[in-house]
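Below is one structure, written out as structure tokens; the observations come after it.
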Amino acid sequence: VTGYVANQTIDYCITKGGAPIRNHRGRVDFVSNADGGCTVRWNIQFDASIPLADFPIGKALQFAVSQGLKRLF
């Protein structure tokens, strides 16, 4: 964790493992909704260690994170 604001934001960097991803940096924002819930915005940046794999890796991560969040709620 490289930065944190309670109930608002978490910034992080993954430094080990993660192949085929390297230089993974992310930010998770929690935005309060009028109904008392919240919206989660998760933004990441990374370099793919396999040429031309950044788009499919990004889509796979997007799917995995959205499915994981759905299981929580």
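A note on labels: chains of the structure tokens are A, B, ... as shown, every chain counts residues from 1, and ligands are counted from 1 in their shown order.
Residue neighbourhood of stretch 26-31 of chain A, excluding near-sequence residues (fewer than 2 positions): Gln8, Thr9, Ile10, Asp11, Tyr12, Cys38, Thr39, Val40, Arg41, Trp42, Asn43 and Ile44 of chain A, at 6 Å, using only C-alpha atoms.
Those residues of chain A that DSSP, working from the backbone, places in alpha helix (DSSP H) are Asp54, Phe55, Pro56, Ile57, Gly58, Lys59, Ala60, Leu61, Gln62, Phe63, Ala64, Val65, Ser66, Gln67, Gly68, Leu69, Lys70, Arg71 and Leu72 of chain A.
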Mind dumping the selected residues with N, CA, C and O atoms as a PDB file, in the first residue's frame?
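The result, stored in result.pdb:
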ATOM      1  N   ASP A  54      -1.193  -6.782 -23.426  1.00  0.00           N
ATOM      2  CA  ASP A  54      -1.755  -5.861 -22.442  1.00  0.00           C
ATOM      3  C   ASP A  54      -3.279  -5.764 -22.524  1.00  0.00           C
ATOM      4  O   ASP A  54      -3.958  -5.765 -21.499  1.00  0.00           O
ATOM      5  N   PHE A  55      -3.858  -5.705 -23.723  1.00  0.00           N
ATOM      6  CA  PHE A  55      -5.317  -5.594 -23.841  1.00  0.00           C
ATOM      7  C   PHE A  55      -6.035  -6.832 -23.309  1.00  0.00           C
ATOM      8  O   PHE A  55      -6.929  -6.707 -22.468  1.00  0.00           O
ATOM      9  N   PRO A  56      -5.682  -8.054 -23.756  1.00  0.00           N
ATOM     10  CA  PRO A  56      -6.396  -9.219 -23.213  1.00  0.00           C
ATOM     11  C   PRO A  56      -6.174  -9.412 -21.714  1.00  0.00           C
ATOM     12  O   PRO A  56      -7.085  -9.832 -20.993  1.00  0.00           O
ATOM     13  N   ILE A  57      -4.988  -9.087 -21.221  1.00  0.00           N
ATOM     14  CA  ILE A  57      -4.742  -9.199 -19.774  1.00  0.00           C
ATOM     15  C   ILE A  57      -5.617  -8.207 -19.031  1.00  0.00           C
ATOM     16  O   ILE A  57      -6.222  -8.531 -18.005  1.00  0.00           O
ATOM     17  N   GLY A  58      -5.703  -6.987 -19.533  1.00  0.00           N
ATOM     18  CA  GLY A  58      -6.551  -5.966 -18.903  1.00  0.00           C
ATOM     19  C   GLY A  58      -8.006  -6.382 -18.866  1.00  0.00           C
ATOM     20  O   GLY A  58      -8.691  -6.226 -17.845  1.00  0.00           O
ATOM     21  N   LYS A  59      -8.507  -6.951 -19.955  1.00  0.00           N
ATOM     22  CA  LYS A  59      -9.900  -7.421 -19.989  1.00  0.00           C
ATOM     23  C   LYS A  59     -10.117  -8.572 -19.009  1.00  0.00           C
ATOM     24  O   LYS A  59     -11.149  -8.635 -18.334  1.00  0.00           O
ATOM     25  N   ALA A  60      -9.166  -9.486 -18.916  1.00  0.00           N
ATOM     26  CA  ALA A  60      -9.281 -10.606 -17.971  1.00  0.00           C
ATOM     27  C   ALA A  60      -9.290 -10.102 -16.528  1.00  0.00           C
ATOM     28  O   ALA A  60     -10.076 -10.576 -15.701  1.00  0.00           O
ATOM     29  N   LEU A  61      -8.437  -9.131 -16.226  1.00  0.00           N
ATOM     30  CA  LEU A  61      -8.423  -8.552 -14.875  1.00  0.00           C
ATOM     31  C   LEU A  61      -9.730  -7.835 -14.577  1.00  0.00           C
ATOM     32  O   LEU A  61     -10.280  -7.944 -13.480  1.00  0.00           O
ATOM     33  N   GLN A  62     -10.245  -7.084 -15.546  1.00  0.00           N
ATOM     34  CA  GLN A  62     -11.509  -6.376 -15.364  1.00  0.00           C
ATOM     35  C   GLN A  62     -12.632  -7.364 -15.047  1.00  0.00           C
ATOM     36  O   GLN A  62     -13.415  -7.156 -14.120  1.00  0.00           O
ATOM     37  N   PHE A  63     -12.690  -8.450 -15.781  1.00  0.00           N
ATOM     38  CA  PHE A  63     -13.712  -9.463 -15.547  1.00  0.00           C
ATOM     39  C   PHE A  63     -13.556 -10.102 -14.175  1.00  0.00           C
ATOM     40  O   PHE A  63     -14.519 -10.238 -13.425  1.00  0.00           O
ATOM     41  N   ALA A  64     -12.331 -10.484 -13.824  1.00  0.00           N
ATOM     42  CA  ALA A  64     -12.089 -11.154 -12.541  1.00  0.00           C
ATOM     43  C   ALA A  64     -12.436 -10.258 -11.361  1.00  0.00           C
ATOM     44  O   ALA A  64     -13.079 -10.708 -10.402  1.00  0.00           O
ATOM     45  N   VAL A  65     -12.044  -9.012 -11.420  1.00  0.00           N
ATOM     46  CA  VAL A  65     -12.342  -8.086 -10.315  1.00  0.00           C
ATOM     47  C   VAL A  65     -13.841  -7.850 -10.209  1.00  0.00           C
ATOM     48  O   VAL A  65     -14.411  -7.875  -9.113  1.00  0.00           O
ATOM     49  N   SER A  66     -14.527  -7.625 -11.332  1.00  0.00           N
ATOM     50  CA  SER A  66     -15.971  -7.373 -11.265  1.00  0.00           C
ATOM     51  C   SER A  66     -16.718  -8.596 -10.731  1.00  0.00           C
ATOM     52  O   SER A  66     -17.647  -8.461  -9.936  1.00  0.00           O
ATOM     53  N   GLN A  67     -16.309  -9.798 -11.132  1.00  0.00           N
ATOM     54  CA  GLN A  67     -16.956 -11.008 -10.619  1.00  0.00           C
ATOM     55  C   GLN A  67     -16.689 -11.185  -9.128  1.00  0.00           C
ATOM     56  O   GLN A  67     -17.573 -11.569  -8.373  1.00  0.00           O
ATOM     57  N   GLY A  68     -15.468 -10.906  -8.707  1.00  0.00           N
ATOM     58  CA  GLY A  68     -15.131 -11.009  -7.289  1.00  0.00           C
ATOM     59  C   GLY A  68     -15.921 -10.041  -6.441  1.00  0.00           C
ATOM     60  O   GLY A  68     -16.420 -10.393  -5.354  1.00  0.00           O
ATOM     61  N   LEU A  69     -16.083  -8.815  -6.913  1.00  0.00           N
ATOM     62  CA  LEU A  69     -16.862  -7.824  -6.161  1.00  0.00           C
ATOM     63  C   LEU A  69     -18.333  -8.209  -6.092  1.00  0.00           C
ATOM     64  O   LEU A  69     -18.979  -8.009  -5.068  1.00  0.00           O
ATOM     65  N   LYS A  70     -18.870  -8.779  -7.165  1.00  0.00           N
ATOM     66  CA  LYS A  70     -20.271  -9.207  -7.160  1.00  0.00           C
ATOM     67  C   LYS A  70     -20.517 -10.273  -6.103  1.00  0.00           C
ATOM     68  O   LYS A  70     -21.582 -10.322  -5.488  1.00  0.00           O
ATOM     69  N   ARG A  71     -19.542 -11.150  -5.890  1.00  0.00           N
ATOM     70  CA  ARG A  71     -19.700 -12.206  -4.877  1.00  0.00           C
ATOM     71  C   ARG A  71     -19.690 -11.652  -3.463  1.00  0.00           C
ATOM     72  O   ARG A  71     -20.207 -12.285  -2.549  1.00  0.00           O
ATOM     73  N   LEU A  72     -19.084 -10.488  -3.281  1.00  0.00           N
ATOM     74  CA  LEU A  72     -19.050  -9.895  -1.942  1.00  0.00           C
ATOM     75  C   LEU A  72     -20.389  -9.303  -1.522  1.00  0.00           C
ATOM     76  O   LEU A  72     -20.681  -9.192  -0.345  1.00  0.00           O
TER      77      LEU A  72
END
- For A:Gln45, list every protein, DNA or RNA residue within 8 Å, evaluated using only C-alpha atoms, and leave out those in the same chain fewer than 6 positions away; present the list as a PyMOL selection string. chain A and resi 23-26
- Task: Work out how far atom CA of A:Arg22 is from atom CA of A:Ala6, in Å to one decimal.
- Result: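 Distance between the two atoms: 27.4 Å.
Each of A:Thr2, A:Ala34, A:Pro20, A:Asn7 was checked against A:Leu52 using only C-alpha atoms; the smallest atom-to-atom distance is that of A:Pro20.
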